[in-house]
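Everything on this sheet refers to the single structure shown next.
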Amino acid sequence: MDSDRAVTCCFSGYRAEKMPFPANDPRANTLAQTLDRAIVDAAAQGYTAFLSGMSTGFDLWAAEAVLRAREHLPVQLCCAIPFDQQADRYPPLWKRSFNRCLLAADRVFSLSRHYYAGCYAARNRFMVESSALLICYFDGQPGGTAQTVRMARQRGLEIVNLADEQIRLF
């Protein structure tokens, strides 16, 4: 995916249980609208491929936003799956979203047949190394998103942090 790096944007944010609000909270709708705008803005800058790690919460919300944008913009949804059974233990709502996005994706990168310690970090590294822009939801919590933001800064990616938008809105 190196040749596409200049036009690729990746996403990173918290899983559903780490988000500061549940999926049925009005703030989730506000975040969806903010994601929609961020993708339109990125597309206006020339980004055409959008890479989601497909975890519950922010990743799947971002993938769904790309699919909405694809209805009127020439953008592609790319999925980076850390291992083949990633969604096997997702709750039904998230599993449906995962399957819908995966089936509608333009490209799917499955990085491992099976789970192994470090597979999510490997997925995050793949996404950062494949991208020039990171759209994230990061409010300072430690974990995978913090690692991904740190990697993105080290590699010189442009970073758009939607948590900053949410903090200003509420």
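Naming works like this for the structure tokens: A, B, ... for the chains as they're shown, residue 1 at the start of each chain, ligands 1 onward in shown order.
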Residues near segment 49-55 of chain A, cut-off 6 Å, only C-alpha atoms, skip fewer than 3 positions along chain, as a count of residues only: 13
Quick one: which segment 83-166 of chain A residues come within 12 Å of segment 43-46 of chain A, and what is the nearest atom pair for each with the distance in Å to one decimal, counting only C-alpha atoms, rows ordered by chain and ascending number, as JSON lines?
```
{"residue": "A:Ala132", "atom": "CA", "partner": "A:Gly46", "partner_atom": "CA", "distance": 11.0}
{"residue": "A:Leu133", "atom": "CA", "partner": "A:Gln45", "partner_atom": "CA", "distance": 10.4}
{"residue": "A:Glu158", "atom": "CA", "partner": "A:Gln45", "partner_atom": "CA", "distance": 11.7}
```
Please determine, counting only C-alpha atoms, which residue among A:Ala69, A:Leu111, A:Val160, A:Ala32 has the shortest atom-to-atom distance to Gly57 of chain A. A:Ala32
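Picture a line from atom CA of Arg113 of chain A to atom CA of Phe58 of chain A; it runs 23.7 Å.
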Enumerate the residues of segment 21-101 of chain A with a DSSP assignment of alpha helix (DSSP H), computed from the backbone, and present them as an MDAnalysis selection string. chainID A and resid 26:44 58:70 92:101
Nearest candidate to Leu134 of chain A (options A:Arg89, A:Ala121, A:Arg5, A:Arg70; using only C-alpha atoms): A:Arg5
To test your reading of the structure, identify every residue in segment 4-145 of chain A that backbone DSSP assigns to strand (DSSP E), and report it as number ranges by chain. A: 8-12, 49-52, 76-81, 107-110, 133-136
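The space between atom CA of Ala65 of chain A and atom CA of Arg155 of chain A spans 25.4 Å.
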Can you check which parts of segment 29-89 of chain A lie within 10 Å of segment 114-117 of chain A? Per residue, the shortest pair of atoms and distance in Å to one decimal, counting only C-alpha atoms, sorted by chain and number, as a Markdown table.
```
| residue | atom | partner | partner_atom | distance |
| --- | --- | --- | --- | --- |
| A:Pro82 | CA | A:Tyr115 | CA | 7.6 |
| A:Phe83 | CA | A:His114 | CA | 5.2 |
| A:Asp84 | CA | A:His114 | CA | 6.1 |
| A:Gln85 | CA | A:His114 | CA | 7.0 |
| A:Gln86 | CA | A:Tyr115 | CA | 7.9 |
```
When you look at Thr145 of chain A with a cut-off of 7 Å (counting only C-alpha atoms), what residues show up, excluding the ones that are within fewer than 5 positions of it in the same chain? I need them as a ChimeraX atom specification. /A:12-14,138
Distance of atom CA of Pro142 of chain A from atom CA of Ala62 of chain A, expressed in Å to one decimal place: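 Distance between the two atoms: 20.5 Å.
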Long-range neighbours of Glu129 of chain A as an MDAnalysis selection string, 9 Å cut-off, only C-alpha atoms, 3 positions minimum in chain: chainID A and resid 1:2 5 124:126 132 151:152 155
Between A:Cys119, A:Ala28, A:Tyr137, A:Ser130, which residue has the minimum interatomic distance to Ala6 of chain A, considering only C-alpha atoms?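 Looking only at the distances to Ala6 of chain A, the closest residue turns out to be A:Ser130.
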